[in-house]
file input22.cif (mmCIF, C-alpha atoms)
data_coords
loop_
_atom_site.label_atom_id
_atom_site.label_comp_id
_atom_site.auth_asym_id
_atom_site.auth_seq_id
_atom_site.Cartn_x
_atom_site.Cartn_y
_atom_site.Cartn_z
CA MET A 1 7.93 42.36 161.68
CA GLU A 2 4.64 40.88 160.53
CA LYS A 3 4.46 37.12 160.16
CA SER A 4 3.48 35.55 156.88
CA LEU A 5 0.14 33.84 156.45
CA SER A 6 1.82 30.41 156.41
CA GLU A 7 3.59 31.16 159.68
CA ARG A 8 0.35 32.28 161.30
CA VAL A 9 -1.46 29.11 160.18
CA ALA A 10 1.41 26.98 161.49
CA TYR A 11 1.13 28.81 164.83
CA LEU A 12 -2.62 28.05 164.97
CA ARG A 13 -1.98 24.37 164.22
CA GLY A 14 0.63 24.19 166.96
CA LEU A 15 -1.73 25.95 169.35
CA ALA A 16 -4.49 23.44 168.58
CA GLU A 17 -2.11 20.52 169.18
CA GLY A 18 -0.83 22.13 172.40
CA LEU A 19 -4.37 22.53 173.70
CA GLY A 20 -5.05 18.89 172.94
CA ILE A 21 -7.72 19.57 170.35
CA GLY A 22 -8.22 16.31 168.51
CA ARG A 23 -10.48 14.87 165.89
CA GLU A 24 -12.45 12.94 168.52
CA SER A 25 -14.95 15.73 169.20
CA GLY A 26 -17.10 17.47 166.61
CA GLU A 27 -15.65 20.86 167.47
CA GLY A 28 -12.11 19.50 167.23
CA ARG A 29 -12.74 18.04 163.79
CA VAL A 30 -14.16 21.37 162.58
CA LEU A 31 -11.26 23.39 163.98
CA LEU A 32 -8.63 21.05 162.56
CA GLU A 33 -10.36 20.98 159.18
CA ILE A 34 -10.44 24.81 159.19
CA SER A 35 -6.73 24.72 160.01
CA ASP A 36 -6.08 22.39 157.04
CA VAL A 37 -8.07 24.65 154.70
CA LEU A 38 -6.19 27.70 155.97
CA GLN A 39 -2.90 25.92 155.28
CA ASP A 40 -3.98 25.15 151.70
CA VAL A 41 -5.09 28.77 151.21
CA ALA A 42 -1.79 30.06 152.60
CA LEU A 43 0.19 27.80 150.23
CA GLY A 44 -1.94 28.90 147.27
CA ILE A 45 -1.43 32.58 148.10
CA SER A 46 2.30 32.03 148.48
CA GLU A 47 2.46 30.40 145.03
CA MET A 48 0.45 33.27 143.52
CA GLU A 49 2.76 35.84 145.12
CA SER A 50 5.74 34.06 143.56
CA ARG A 51 4.06 34.07 140.16
CA VAL A 52 3.18 37.76 140.47
CA ILE A 53 6.82 38.56 141.22
CA GLU A 54 7.94 36.51 138.19
CA HIS A 55 5.37 38.27 135.95
CA GLU A 56 6.43 41.68 137.25
CA GLU A 57 10.04 40.87 136.39
CA ARG A 58 9.04 39.67 132.91
CA LEU A 59 6.88 42.75 132.39
CA ASP A 60 9.72 45.05 133.45
CA SER A 61 12.01 43.26 130.99
CA ILE A 62 9.45 43.57 128.18
CA ASP A 63 8.95 47.24 129.04
CA GLU A 64 12.70 47.86 128.81
CA ASP A 65 12.85 46.02 125.46
CA LEU A 66 9.90 48.03 124.15
CA ALA A 67 11.53 51.28 125.23
CA ALA A 68 14.68 50.30 123.32
CA VAL A 69 12.64 49.44 120.21
CA GLU A 70 10.72 52.71 120.44
CA GLU A 71 13.97 54.62 120.78
CA ASP A 72 15.41 52.90 117.71
CA LEU A 73 12.19 53.30 115.73
CA TYR A 74 11.54 56.94 116.49
CA GLU A 75 15.17 58.02 116.52
CA ASP A 76 14.93 59.29 112.94
CA GLU A 77 11.54 60.91 113.45
CA PHE A 78 10.76 63.63 110.93
CA ASP A 79 10.25 67.32 111.62
CA CYS A 80 6.53 67.85 111.87
CA VAL A 81 4.66 70.85 110.45
CA ASP A 82 1.03 71.16 111.59
CA VAL A 83 -1.31 72.14 108.76
CA GLU A 84 -5.09 72.51 108.87
CA CYS A 85 -6.94 70.73 106.08
CA PRO A 86 -9.08 73.30 104.23
CA HIS A 87 -11.77 70.67 103.61
CA CYS A 88 -12.34 68.83 106.90
CA LYS A 89 -10.56 71.34 109.19
CA GLU A 90 -8.51 68.50 110.76
CA THR A 91 -4.99 69.44 111.85
CA VAL A 92 -2.49 67.05 110.27
CA CYS A 93 1.25 66.67 110.71
CA LEU A 94 3.31 66.77 107.53
CA ASP A 95 7.01 66.01 107.12
CA ALA A 96 8.79 69.35 106.64
CA GLU A 97 11.26 67.77 104.19
CA LEU A 98 8.43 66.60 101.93
CA LEU A 99 7.08 70.13 101.71
CA ASP A 100 10.16 71.07 99.71
CA ASP A 101 9.55 68.28 97.17
CA ASP A 102 7.10 68.34 94.26
CA LEU A 103 4.50 66.25 96.08
CA GLU A 104 0.77 66.58 96.45
CA MET A 105 -0.10 66.37 100.13
CA CYS A 106 -3.37 64.64 100.96
CA CYS A 107 -5.24 64.74 104.24
CA PRO A 108 -5.15 61.35 105.98
CA ASN A 109 -8.57 62.12 107.45
CA CYS A 110 -10.63 63.00 104.35
CA GLY A 111 -8.20 61.95 101.60
CA ARG A 112 -8.51 65.25 99.73
CA ALA A 113 -5.52 67.31 98.64
CA ILE A 114 -4.37 69.77 101.26
CA PHE A 115 -1.99 71.51 98.89
CA SER A 116 0.56 70.73 96.26
CA THR A 117 3.90 72.31 95.52
CA GLU A 118 3.86 73.59 91.96
CA ARG A 119 7.00 73.14 89.83
CA ASP A 120 7.53 76.90 89.74
CA GLY A 121 7.77 76.91 93.54
CA GLU A 122 4.38 78.44 94.41
CA ASP A 123 2.14 76.72 96.94
CA ALA A 124 -1.45 76.35 95.75
CA ILE A 125 -4.49 75.16 97.65
CA GLU A 126 -6.12 72.36 95.69
CA GLU A 127 -9.89 72.76 95.77
CA GLY A 128 -12.02 69.65 95.34
CA GLN A 129 -9.30 67.21 94.28
CA GLY A 130 -9.57 63.87 95.99
CA GLY A 131 -7.05 61.13 96.38
CA ALA A 132 -5.95 58.55 98.84
CA GLY A 133 -2.38 59.23 99.79
CA GLY A 134 0.54 61.37 98.81
CA GLY A 135 1.04 60.55 95.14
CA ARG A 136 3.17 62.70 92.84
CA GLY A 137 1.33 65.66 91.51
CA GLY A 138 1.37 69.37 91.28
CA SER A 139 2.65 69.67 87.74
CA PRO A 140 0.61 71.94 85.49
CA ALA A 141 -1.88 70.09 83.36
CA SER A 142 -1.25 70.29 79.61
CA SER A 143 -4.14 70.78 77.23
#
call {"tool": "encode", "arguments": {"input": "input22.cif", "output": "structure tokens"}}
result
Amino acid sequence: MEKSLSERVAYLRGLAEGLGIGRESGEGRVLLEISDVLQDVALGISEMESRVIEHEERLDSIDEDLAAVEEDLYEDEFDCVDVECPHCKETVCLDAELLDDDLEMCCPNCGRAIFSTERDGEDAIEEGQGGAGGGRGGSPASS
């Protein structure tokens, strides 16, 4: 089993004391100061490792909460029908249930009408009609 950094620094300090290295000589002062710095570094790393573990646990908890929220949010996701916009050629996903309603469907990319469901049940491509969003439409215009 590998020793921790703190244990290794403590071993070096004990070794220096056992060899009689003191602060009286220049080399002794340097070695003991290096030992002190190593001890501070080892303590700092130990504290950071503890914080990393705490953050990992918090992140795992947040991830689990987010997964639960996503499950609740997308549980009632609609059936998607991919349709190509005749104007910008972008493929868009439309709710299949809305296709049965009398709604004008607009492309979220270019904002132009993709198609509308006429009241008599026929689907018609709307050429050149703009709009921003899926407002009601598709009824024949009266003159």
call {"tool": "residues_around", "arguments": {"input": "input22.cif", "residues": "segment 90-95 of chain A", "least_positions_apart": "2", "cutoff": "12 Å", "atoms": "only C-alpha atoms", "output": "ChimeraX atom specification"}}
result
/A:76-88,97-101,103-112,114-115,134
call {"tool": "closest_residue", "arguments": {"input": "input22.cif", "among": "A:Leu5, A:Ala68, A:Ala16, A:Leu59", "to": "Ala42 of chain A", "atoms": "only C-alpha atoms"}}
result
A:Leu5
call {"tool": "residues_around", "arguments": {"input": "input22.cif", "residues": "segment 32-37 of chain A", "least_positions_apart": "3", "cutoff": "10 Å", "atoms": "only C-alpha atoms", "output": "ChimeraX atom specification"}}
result
/A:9-10,12-13,16-17,21-23,27-29,40-43
call {"tool": "atom_distance", "arguments": {"input": "input22.cif", "atom1": "atom CA of Arg51 of chain A", "atom2": "atom CA of Asp65 of chain A"}}
result
20.9 Å
call {"tool": "axis_aligned_box", "arguments": {"input": "input22.cif", "around": "segment 14-25 of chain A", "padding_each_side": "3 Å", "output": "JSON"}}
result
{"center_x": -7.2, "center_y": 19.4, "center_z": 169.8, "size_x": 21.6, "size_y": 19.0, "size_z": 13.8}
call {"tool": "atom_distance", "arguments": {"input": "input22.cif", "atom1": "atom CA of Leu19 of chain A", "atom2": "atom CA of Ser4 of chain A"}}
result
22.7 Å
